$ cat upload.txt   # compact mmCIF, C-alpha atoms
# COMPACT_ATOMS: atom_id res chain seq x y z
CA MET Z 30 216.98 105.98 246.66
CA GLU Z 31 213.77 107.46 245.35
CA GLY Z 32 214.12 108.82 241.83
CA SER Z 33 217.63 107.38 241.25
CA LEU Z 34 216.51 106.30 237.78
CA TYR Z 35 215.83 109.94 236.84
CA LEU Z 36 219.26 110.88 238.14
CA ALA Z 37 220.90 108.12 236.09
CA PHE Z 38 219.15 109.31 232.92
CA ALA Z 39 220.27 112.86 233.66
CA VAL Z 40 223.89 111.73 234.00
CA ILE Z 41 223.70 109.70 230.78
CA ALA Z 42 222.22 112.69 228.94
CA LEU Z 43 225.04 114.95 230.12
CA ASN Z 44 227.67 112.37 229.12
CA VAL Z 45 226.15 111.90 225.70
CA PHE Z 46 226.21 115.67 225.28
CA ALA Z 47 229.91 115.78 226.23
CA LEU Z 48 230.68 112.84 223.95
CA VAL Z 49 229.00 114.46 220.95
CA GLN Z 50 230.93 117.70 221.55
CA ASN Z 51 234.22 115.77 221.85
CA LEU Z 52 233.52 113.78 218.70
CA ASN Z 53 232.89 117.08 216.93
CA VAL Z 54 236.18 118.58 218.12
CA TYR Z 55 238.49 115.56 217.56
CA PHE Z 56 236.88 113.72 214.66
CA ALA Z 57 234.86 116.52 213.04
CA VAL Z 58 231.61 114.61 213.48
CA PRO Z 59 228.83 117.14 212.69
CA VAL Z 60 226.95 118.26 215.83
CA ASP Z 61 223.92 119.53 213.99
CA SER Z 62 222.97 116.21 212.41
CA VAL Z 63 220.46 115.76 215.25
CA PRO Z 64 218.98 118.55 217.39
CA PRO Z 65 220.78 118.95 220.77
CA PHE Z 66 218.20 117.12 222.88
CA GLU Z 67 220.60 116.11 225.69
CA PRO Z 68 220.41 119.29 227.83
CA LEU Z 69 216.65 119.18 227.55
CA VAL Z 70 216.59 115.56 228.70
CA TYR Z 71 218.90 116.54 231.56
CA LEU Z 72 216.60 119.36 232.72
CA LEU Z 73 213.49 117.22 232.32
CA MET Z 74 215.00 114.47 234.47
CA LEU Z 75 215.92 116.93 237.21
CA ALA Z 76 212.42 118.40 237.16
CA LEU Z 77 210.89 114.92 237.42
CA LEU Z 78 213.22 114.07 240.28
CA MET Z 79 212.22 117.17 242.21
CA SER Z 80 208.51 116.65 241.68
CA LEU Z 81 208.83 113.03 242.80
CA ARG Z 82 210.63 114.06 245.98
CA PHE Z 83 208.05 116.73 246.65
CA SER Z 84 205.07 114.43 246.21
CA ASN Z 85 206.73 111.78 248.39
CA ALA Z 86 207.33 114.32 251.15
CA PHE Z 87 203.74 115.48 250.88
CA ARG Z 88 202.42 111.95 251.19
CA LYS Z 89 204.68 111.29 254.17
CA ILE Z 90 203.43 114.39 255.97
CA GLU Z 91 199.85 113.34 255.37
CA GLU Z 92 200.50 109.89 256.79
CA LEU Z 93 202.29 111.37 259.78
CA SER Z 94 199.50 113.80 260.57
CA VAL Z 95 196.95 110.98 260.44
CA GLN Z 96 199.12 108.99 262.84
CA LEU Z 97 199.58 111.99 265.13
CA LEU Z 98 195.86 112.66 265.27
CA LYS Z 99 195.27 109.03 266.12
CA ALA Z 100 197.92 109.10 268.86
CA ASP Z 101 196.49 112.32 270.24
CA LYS Z 102 193.05 110.78 270.42
CA LEU Z 103 194.42 107.68 272.12
CA LYS Z 104 196.19 109.86 274.65
CA ASP Z 105 193.01 111.78 275.43
CA GLU Z 106 191.04 108.57 275.81
CA PHE Z 107 193.73 107.08 278.01
CA LEU Z 108 193.78 110.16 280.19
CA ALA Z 109 190.02 110.26 280.53
CA ARG Z 110 189.75 106.55 281.26
CA THR Z 111 192.51 106.43 283.84
CA SER Z 112 191.11 109.50 285.53
CA ASP Z 113 187.73 107.84 285.64
CA GLU Z 114 189.28 104.75 287.21
CA PHE Z 115 190.99 106.89 289.84
CA LYS Z 116 187.77 108.55 290.90
CA SER Z 117 186.18 105.88 293.07
CA PRO Z 118 189.31 104.55 294.82
CA LEU Z 119 190.23 108.12 295.74
CA HIS Z 120 186.78 108.71 297.14
CA GLY Z 121 187.08 105.47 299.06
CA VAL Z 122 190.40 106.43 300.61
CA MET Z 123 189.12 109.88 301.49
CA HIS Z 124 185.98 108.42 303.01
CA ILE Z 125 187.87 105.90 305.13
CA ALA Z 126 190.29 108.54 306.40
CA ARG Z 127 187.39 110.86 307.26
CA SER Z 128 185.46 108.15 309.07
CA MET Z 129 188.58 107.33 311.11
CA LEU Z 130 188.95 111.02 311.96
CA ASP Z 131 185.31 111.21 313.07
CA ASN Z 132 185.33 107.92 314.93
CA ALA Z 133 183.93 108.73 318.38
CA ASN Z 134 184.50 105.25 319.85
CA HIS Z 135 188.18 105.09 318.97
CA PRO Z 136 189.34 108.67 318.57
CA PRO Z 137 192.71 108.86 316.81
CA THR Z 138 195.72 110.14 318.70
CA ALA Z 139 197.12 113.55 317.81
CA GLU Z 140 199.78 111.97 315.61
CA GLN Z 141 197.29 109.72 313.85
CA ARG Z 142 194.97 112.66 313.40
CA GLU Z 143 197.70 114.64 311.71
CA LYS Z 144 198.45 111.77 309.33
CA LEU Z 145 194.78 111.20 308.55
CA GLU Z 146 194.32 114.88 307.83
CA LEU Z 147 197.27 114.72 305.48
CA ILE Z 148 195.65 111.78 303.71
CA THR Z 149 192.35 113.61 303.29
CA SER Z 150 194.02 116.75 302.00
CA ILE Z 151 196.17 114.84 299.51
CA THR Z 152 193.30 112.71 298.24
CA GLY Z 153 191.17 115.84 298.04
CA ARG Z 154 193.71 117.49 295.80
CA LEU Z 155 194.06 114.39 293.69
CA SER Z 156 190.36 113.99 293.15
CA GLN Z 157 190.14 117.66 292.22
CA LEU Z 158 192.80 116.97 289.63
CA VAL Z 159 190.88 113.96 288.37
CA TYR Z 160 187.76 116.08 287.93
CA ASP Z 161 189.81 118.77 286.19
CA ILE Z 162 191.27 116.26 283.76
CA LEU Z 163 187.85 114.79 283.02
CA ASP Z 164 186.37 118.24 282.43
CA PHE Z 165 189.35 119.26 280.38
CA SER Z 166 189.14 116.25 278.09
CA ARG Z 167 185.38 116.64 277.77
CA LEU Z 168 185.81 120.30 276.87
CA LYS Z 169 188.46 119.39 274.35
CA GLN Z 170 186.23 116.84 272.67
CA GLY Z 171 183.33 119.26 272.79
CA GLU Z 172 181.35 116.77 274.86
CA LEU Z 173 180.63 118.98 277.84
CA ALA Z 174 176.97 119.84 277.75
CA VAL Z 175 175.73 123.10 279.21
CA ASP Z 176 172.22 123.54 280.37
CA SER Z 177 171.64 127.26 279.91
CA MET Z 178 169.04 128.86 282.10
CA PRO Z 179 168.61 132.10 284.03
CA VAL Z 180 170.98 132.15 287.00
CA ASP Z 181 170.70 134.48 289.95
CA VAL Z 182 174.29 135.56 290.38
CA ARG Z 183 174.42 136.60 294.02
CA PRO Z 184 173.23 133.34 295.63
CA ALA Z 185 175.30 131.33 293.17
CA VAL Z 186 178.42 133.29 294.17
CA GLU Z 187 177.42 133.08 297.84
CA MET Z 188 177.43 129.30 297.74
CA GLN Z 189 180.97 129.18 296.35
CA VAL Z 190 182.14 131.82 298.82
CA ARG Z 191 180.79 129.68 301.66
CA ILE Z 192 182.44 126.53 300.37
CA TYR Z 193 185.81 128.18 299.94
CA SER Z 194 185.54 130.09 303.22
CA PHE Z 195 185.13 126.72 304.87
CA LEU Z 196 188.09 125.26 302.98
CA CYS Z 197 190.29 128.27 303.78
CA ALA Z 198 189.14 128.45 307.40
CA ASP Z 199 192.55 127.60 308.84
CA ARG Z 200 194.35 130.11 306.66
CA ASN Z 201 194.30 133.83 306.96
CA ILE Z 202 192.01 134.39 304.02
CA ARG Z 203 188.73 136.22 304.05
CA LEU Z 204 186.22 135.88 301.26
CA GLU Z 205 183.54 138.48 300.64
CA ASN Z 206 180.58 138.38 298.34
CA ARG Z 207 180.03 141.90 297.07
CA VAL Z 208 177.61 141.06 294.31
CA PRO Z 209 174.68 143.46 294.60
CA GLU Z 210 171.20 142.07 295.05
CA HIS Z 211 168.43 142.44 292.49
CA LEU Z 212 170.59 141.99 289.45
CA PRO Z 213 169.02 140.66 286.28
CA TYR Z 214 169.60 136.97 285.79
CA ALA Z 215 172.58 135.83 283.78
CA ILE Z 216 172.14 133.18 281.13
CA ALA Z 217 174.35 130.35 282.25
CA ASP Z 218 174.49 126.80 283.47
CA GLU Z 219 174.16 126.96 287.23
CA SER Z 220 176.64 124.22 288.07
CA ARG Z 221 179.13 125.46 285.46
CA PHE Z 222 178.76 128.98 286.80
CA GLY Z 223 179.56 127.67 290.26
CA GLN Z 224 182.53 125.83 288.82
CA ILE Z 225 183.88 129.00 287.18
CA VAL Z 226 183.55 131.09 290.32
CA GLY Z 227 184.81 128.27 292.52
CA ASN Z 228 187.78 127.65 290.29
CA LEU Z 229 188.74 131.32 290.34
CA LEU Z 230 188.33 131.48 294.13
CA GLY Z 231 190.27 128.25 294.56
CA GLN Z 232 192.99 129.31 292.19
CA ARG Z 233 193.49 132.50 294.10
CA GLY Z 234 193.35 130.77 297.45
CA GLN Z 235 195.97 128.33 296.26
CA ALA Z 236 198.20 131.14 295.08
CA TYR Z 237 198.71 132.58 298.51
CA GLY Z 238 200.72 131.19 301.28
CA GLU Z 239 199.33 130.95 304.73
CA ARG Z 240 201.05 134.04 306.00
CA GLU Z 241 199.59 136.61 303.70
CA HIS Z 242 196.28 138.16 304.38
CA CYS Z 243 194.11 138.03 301.35
CA ARG Z 244 190.69 139.25 300.58
CA HIS Z 245 188.63 137.95 297.74
CA SER Z 246 185.49 139.54 296.63
CA GLY Z 247 182.98 138.91 293.99
CA GLY Z 248 182.52 142.47 292.82
CA GLU Z 249 180.04 143.04 290.13
CA SER Z 250 178.93 145.59 287.65
CA GLN Z 251 176.25 145.42 285.07
CA HIS Z 252 176.28 146.75 281.55
CA ASP Z 253 173.60 147.34 278.97
CA MET W 13 175.68 141.37 279.92
CA ILE W 14 176.74 140.74 283.46
CA GLU W 15 180.28 141.13 284.63
CA VAL W 16 181.62 139.20 287.63
CA SER W 17 185.04 139.93 289.12
CA VAL W 18 187.04 137.82 291.52
CA LYS W 19 189.50 140.15 293.15
CA ASP W 20 192.27 139.39 295.59
CA THR W 21 194.86 141.30 297.53
CA GLY W 22 197.58 138.76 297.05
CA GLU W 23 201.02 138.98 295.57
CA GLY W 24 199.94 139.50 291.99
CA ILE W 25 201.16 137.86 288.82
CA GLU W 26 204.22 138.82 286.79
CA ALA W 27 203.26 140.73 283.65
CA GLN W 28 205.21 138.35 281.43
CA HIS W 29 203.03 135.42 282.52
CA ILE W 30 199.67 137.06 281.91
CA PRO W 31 199.35 136.31 278.17
CA HIS W 32 199.83 132.58 278.86
CA LEU W 33 197.75 132.40 282.01
CA PHE W 34 194.77 130.67 280.42
CA GLU W 35 196.79 128.11 278.50
CA ALA W 36 196.67 124.54 279.76
CA PHE W 37 199.58 123.05 281.68
CA GLN W 38 201.24 126.41 282.24
CA LEU W 39 202.86 126.59 285.64
CA PHE W 40 204.46 129.79 286.79
CA ASP W 41 204.97 129.28 290.47
CA GLU W 42 208.07 127.21 291.01
CA ARG W 43 207.42 126.65 294.68
CA ALA W 44 206.60 123.00 295.23
CA GLU W 45 203.73 123.50 297.65
CA ARG W 46 201.90 125.64 295.11
CA ARG W 47 202.37 123.39 292.12
CA GLY W 48 199.13 122.43 290.51
CA PHE W 49 198.66 121.00 287.07
CA GLY W 50 197.82 124.21 285.32
CA LEU W 51 194.37 123.08 284.27
CA GLY W 52 192.12 125.30 286.40
CA LEU W 53 192.28 128.56 284.48
CA SER W 54 192.19 126.84 281.13
CA ILE W 55 188.97 125.12 282.20
CA VAL W 56 187.57 128.45 283.41
CA LYS W 57 188.28 130.06 280.06
CA GLN W 58 186.73 127.21 278.10
CA LEU W 59 183.66 127.10 280.33
CA VAL W 60 183.10 130.85 280.10
CA GLU W 61 183.43 130.72 276.34
CA LEU W 62 181.02 127.80 276.24
CA LEU W 63 178.53 130.04 278.06
CA LYS W 64 179.16 132.75 275.44
CA GLY W 65 181.14 135.03 277.72
CA THR W 66 184.69 136.27 277.94
CA VAL W 67 187.27 136.17 280.71
CA THR W 68 190.08 138.64 281.32
CA VAL W 69 192.69 139.17 283.97
CA SER W 70 194.54 142.19 285.27
CA SER W 71 197.22 142.04 287.88
CA THR W 72 199.67 144.30 289.61
CA LYS W 73 202.67 142.71 291.25
CA GLY W 74 202.42 143.13 294.98
CA VAL W 75 198.89 144.59 294.88
CA GLY W 76 196.64 141.82 293.69
CA THR W 77 194.87 140.20 290.80
CA THR W 78 191.42 140.62 289.34
CA PHE W 79 189.78 138.03 287.15
CA THR W 80 186.70 139.28 285.35
CA PHE W 81 184.26 137.27 283.31
CA THR W 82 181.13 138.27 281.48
CA LEU W 83 177.97 136.35 280.81
CA PRO W 84 174.99 137.17 278.65
CA ILE W 85 172.01 138.55 280.49
CA ALA W 86 168.52 137.12 280.44
CA GLY W 87 165.92 138.96 278.40
CA ASN W 88 162.99 140.84 279.94
CA ALA W 89 161.41 137.59 281.05
CA GLY W 90 164.29 137.01 283.44
CA ASN W 91 164.28 140.53 284.83
CA ARG W 92 162.84 141.26 288.19
$ encode --input "upload.txt" --output "structure tokens"
Amino acid sequence: MEGSLYLAFAVIALNVFALVQNLNVYFAVPVDSVPPFEPLVYLLMLALLMSLRFSNAFRKIEELSVQLLKADKLKDEFLARTSDEFKSPLHGVMHIARSMLDNANHPPTAEQREKLELITSITGRLSQLVYDILDFSRLKQGELAVDSMPVDVRPAVEMQVRIYSFLCADRNIRLENRVPEHLPYAIADESRFGQIVGNLLGQRGQAYGEREHCRHSGGESQHD
Amino acid sequence: MIEVSVKDTGEGIEAQHIPHLFEAFQLFDERAERRGFGLGLSIVKQLVELLKGTVTVSSTKGVGTTFTFTLPIAGNAGNR
């Protein structure tokens, strides 16, 4: 055990102290021939023991945190790399399923069509997830570059509204763009701006079932 | 600055979930068909902050939810 030597010295010091006292009582050996150093030795040993334990714990925590940081980085890299690997096969599967759906020469039967549509919707969701994970890890590492420039908000919102209107076409969801025209430009990255608006629209669209009627709008007000 | 809101008339979000809404991997809807991975809003928040804006949410259960984000506005050169 760490510091057992200190503990042993402490015990010896205490015993010596007891021995000297006993010798004084039974054999009248003078106690004051030497100063009573034993209790001091005892306390010193305990203090050394505690400081040793403390410094060991401190060192262990430091080692652990280095290991944890390394593991965390490995995990992020793993996540980003696997996501990257998933990207093209997913696109391939989606593409094949779509081309089979759109095949005019051999149109799929109703049952096949249903299955193919399921495949496209699942792969679509998965590739969205892959992009999310990639963006997330890039954001976390501070690697996501933004290209800030003036962005006209209304057309940028309009594009997302159109995309998500198309995606929600079979559900009872209506999207409205209520951003007024002739607003000053916002300073933003156009594609990131689209991603923000699209993500919020998509999030909301996802959060409703097919039964509810929902209305989304990009309302807007300007300050300053 | 410019403020953009995305408003919906959906079922709203429980008040207890709102403080954790923008944290990654937070999933509040237990229904399987609505399970995502809880990354979307966290990405939104990080992107908005990267563009020097802020994002907030307000929601009333049963009425709907409004997400609002702000962005800095272009100087006079960008004005029309």
$ atom_distance --input "upload.txt" --atom1 "CA of Thr72 (chain W)" --atom2 "CA of Lys19 (chain W)"
11.5 Å
$ interface_residues --input "upload.txt" --of "chain W" --to "chain Z" --cutoff "6 Å" --atoms "all atoms listed in the file" --output "PyMOL selection string"
chain W and resi 13-22+56+63+84-86+90-91
$ atom_distance --input "upload.txt" --atom1 "CA of Ala86 (chain Z)" --atom2 "CA of Leu73 (chain Z)"
20.0 Å
$ atom_distance --input "upload.txt" --atom1 "CA of Gln170 (chain Z)" --atom2 "CA of Phe107 (chain Z)"
13.4 Å
$ closest_residue --input "upload.txt" --among "W:Thr82, W:Leu39, W:Ser71, W:Ile25" --to "Ser54 (chain W)" --atoms "only C-alpha atoms"
W:Leu39
$ closest_residue --input "upload.txt" --among "Z:Ser150, Z:Asn44, Z:Ser156, Z:Ser220" --to "Leu196 (chain Z)" --atoms "all atoms listed in the file"
Z:Ser150
$ residues_around --input "upload.txt" --residues "Thr152 (chain Z)" --least-positions-apart "3" --cutoff "10 Å" --atoms "all atoms listed in the file" --output "VMD selection string"
chain Z and resid 118 to 124 126 146 to 149 155 to 158
$ residues_around --input "upload.txt" --residues "Val67 (chain W)" --least-positions-apart "3" --cutoff "8 Å" --atoms "all atoms listed in the file" --output "PDB file with C-alpha atoms, keeping the file's coordinate frame"
ATOM      1  CA  LYS W  57     188.280 130.060 280.060  1.00  0.00           C
ATOM      2  CA  VAL W  60     183.100 130.850 280.100  1.00  0.00           C
ATOM      3  CA  GLU W  61     183.430 130.720 276.340  1.00  0.00           C
ATOM      4  CA  PHE W  79     189.780 138.030 287.150  1.00  0.00           C
ATOM      5  CA  THR W  80     186.700 139.280 285.350  1.00  0.00           C
ATOM      6  CA  PHE W  81     184.260 137.270 283.310  1.00  0.00           C
ATOM      7  CA  THR W  82     181.130 138.270 281.480  1.00  0.00           C
TER       8      THR W  82
END
$ decode --input "upload.txt" --residues "region 61-84 of chain W" --atoms "N, CA and C atoms" --output "PDB file, in the first residue's frame"
ATOM      1  N   GLU W  61     -25.181  30.522 -33.392  1.00  0.00           N
ATOM      2  CA  GLU W  61     -24.158  31.191 -32.585  1.00  0.00           C
ATOM      3  C   GLU W  61     -22.887  31.443 -33.393  1.00  0.00           C
ATOM      4  N   LEU W  62     -22.608  30.527 -34.312  1.00  0.00           N
ATOM      5  CA  LEU W  62     -21.466  30.716 -35.206  1.00  0.00           C
ATOM      6  C   LEU W  62     -21.666  31.955 -36.075  1.00  0.00           C
ATOM      7  N   LEU W  63     -22.922  32.247 -36.406  1.00  0.00           N
ATOM      8  CA  LEU W  63     -23.231  33.421 -37.226  1.00  0.00           C
ATOM      9  C   LEU W  63     -23.505  34.637 -36.341  1.00  0.00           C
ATOM     10  N   LYS W  64     -23.112  34.545 -35.086  1.00  0.00           N
ATOM     11  CA  LYS W  64     -23.220  35.653 -34.124  1.00  0.00           C
ATOM     12  C   LYS W  64     -24.662  36.052 -33.841  1.00  0.00           C
ATOM     13  N   GLY W  65     -25.541  35.094 -33.786  1.00  0.00           N
ATOM     14  CA  GLY W  65     -26.931  35.355 -33.432  1.00  0.00           C
ATOM     15  C   GLY W  65     -27.314  34.569 -32.195  1.00  0.00           C
ATOM     16  N   THR W  66     -28.599  34.634 -31.865  1.00  0.00           N
ATOM     17  CA  THR W  66     -29.106  33.864 -30.737  1.00  0.00           C
ATOM     18  C   THR W  66     -30.368  33.146 -31.183  1.00  0.00           C
ATOM     19  N   VAL W  67     -30.701  32.064 -30.496  1.00  0.00           N
ATOM     20  CA  VAL W  67     -31.936  31.355 -30.832  1.00  0.00           C
ATOM     21  C   VAL W  67     -32.711  31.096 -29.546  1.00  0.00           C
ATOM     22  N   THR W  68     -34.014  31.331 -29.605  1.00  0.00           N
ATOM     23  CA  THR W  68     -34.863  31.112 -28.434  1.00  0.00           C
ATOM     24  C   THR W  68     -36.100  30.346 -28.861  1.00  0.00           C
ATOM     25  N   VAL W  69     -36.792  29.809 -27.890  1.00  0.00           N
ATOM     26  CA  VAL W  69     -38.007  29.062 -28.193  1.00  0.00           C
ATOM     27  C   VAL W  69     -39.067  29.421 -27.163  1.00  0.00           C
ATOM     28  N   SER W  70     -40.305  29.502 -27.631  1.00  0.00           N
ATOM     29  CA  SER W  70     -41.409  29.639 -26.684  1.00  0.00           C
ATOM     30  C   SER W  70     -42.494  28.701 -27.162  1.00  0.00           C
ATOM     31  N   SER W  71     -43.165  28.078 -26.222  1.00  0.00           N
ATOM     32  CA  SER W  71     -44.133  27.073 -26.622  1.00  0.00           C
ATOM     33  C   SER W  71     -45.272  26.998 -25.622  1.00  0.00           C
ATOM     34  N   THR W  72     -46.460  26.813 -26.128  1.00  0.00           N
ATOM     35  CA  THR W  72     -47.614  26.607 -25.268  1.00  0.00           C
ATOM     36  C   THR W  72     -48.214  25.265 -25.640  1.00  0.00           C
ATOM     37  N   LYS W  73     -48.348  24.418 -24.650  1.00  0.00           N
ATOM     38  CA  LYS W  73     -48.882  23.078 -24.895  1.00  0.00           C
ATOM     39  C   LYS W  73     -50.272  23.189 -25.529  1.00  0.00           C
ATOM     40  N   GLY W  74     -50.420  22.535 -26.648  1.00  0.00           N
ATOM     41  CA  GLY W  74     -51.718  22.517 -27.313  1.00  0.00           C
ATOM     42  C   GLY W  74     -51.941  23.677 -28.262  1.00  0.00           C
ATOM     43  N   VAL W  75     -51.083  24.700 -28.209  1.00  0.00           N
ATOM     44  CA  VAL W  75     -51.270  25.871 -29.079  1.00  0.00           C
ATOM     45  C   VAL W  75     -50.222  25.896 -30.184  1.00  0.00           C
ATOM     46  N   GLY W  76     -48.988  25.689 -29.820  1.00  0.00           N
ATOM     47  CA  GLY W  76     -47.947  25.702 -30.836  1.00  0.00           C
ATOM     48  C   GLY W  76     -46.626  26.176 -30.285  1.00  0.00           C
ATOM     49  N   THR W  77     -45.646  26.183 -31.148  1.00  0.00           N
ATOM     50  CA  THR W  77     -44.278  26.497 -30.754  1.00  0.00           C
ATOM     51  C   THR W  77     -43.716  27.551 -31.691  1.00  0.00           C
ATOM     52  N   THR W  78     -42.923  28.453 -31.147  1.00  0.00           N
ATOM     53  CA  THR W  78     -42.254  29.437 -31.978  1.00  0.00           C
ATOM     54  C   THR W  78     -40.764  29.403 -31.696  1.00  0.00           C
ATOM     55  N   PHE W  79     -40.000  29.144 -32.723  1.00  0.00           N
ATOM     56  CA  PHE W  79     -38.546  29.269 -32.619  1.00  0.00           C
ATOM     57  C   PHE W  79     -38.158  30.606 -33.236  1.00  0.00           C
ATOM     58  N   THR W  80     -37.336  31.357 -32.551  1.00  0.00           N
ATOM     59  CA  THR W  80     -36.918  32.655 -33.066  1.00  0.00           C
ATOM     60  C   THR W  80     -35.404  32.741 -33.034  1.00  0.00           C
ATOM     61  N   PHE W  81     -34.819  33.123 -34.165  1.00  0.00           N
ATOM     62  CA  PHE W  81     -33.382  33.374 -34.121  1.00  0.00           C
ATOM     63  C   PHE W  81     -33.059  34.743 -34.674  1.00  0.00           C
ATOM     64  N   THR W  82     -31.978  35.297 -34.216  1.00  0.00           N
ATOM     65  CA  THR W  82     -31.568  36.628 -34.677  1.00  0.00           C
ATOM     66  C   THR W  82     -30.264  36.501 -35.437  1.00  0.00           C
ATOM     67  N   LEU W  83     -30.057  37.444 -36.320  1.00  0.00           N
ATOM     68  CA  LEU W  83     -28.806  37.506 -37.065  1.00  0.00           C
ATOM     69  C   LEU W  83     -28.391  38.965 -37.160  1.00  0.00           C
ATOM     70  N   PRO W  84     -27.106  39.226 -37.196  1.00  0.00           N
ATOM     71  CA  PRO W  84     -26.694  40.619 -37.374  1.00  0.00           C
ATOM     72  C   PRO W  84     -27.114  41.122 -38.755  1.00  0.00           C
TER      73      PRO W  84
END
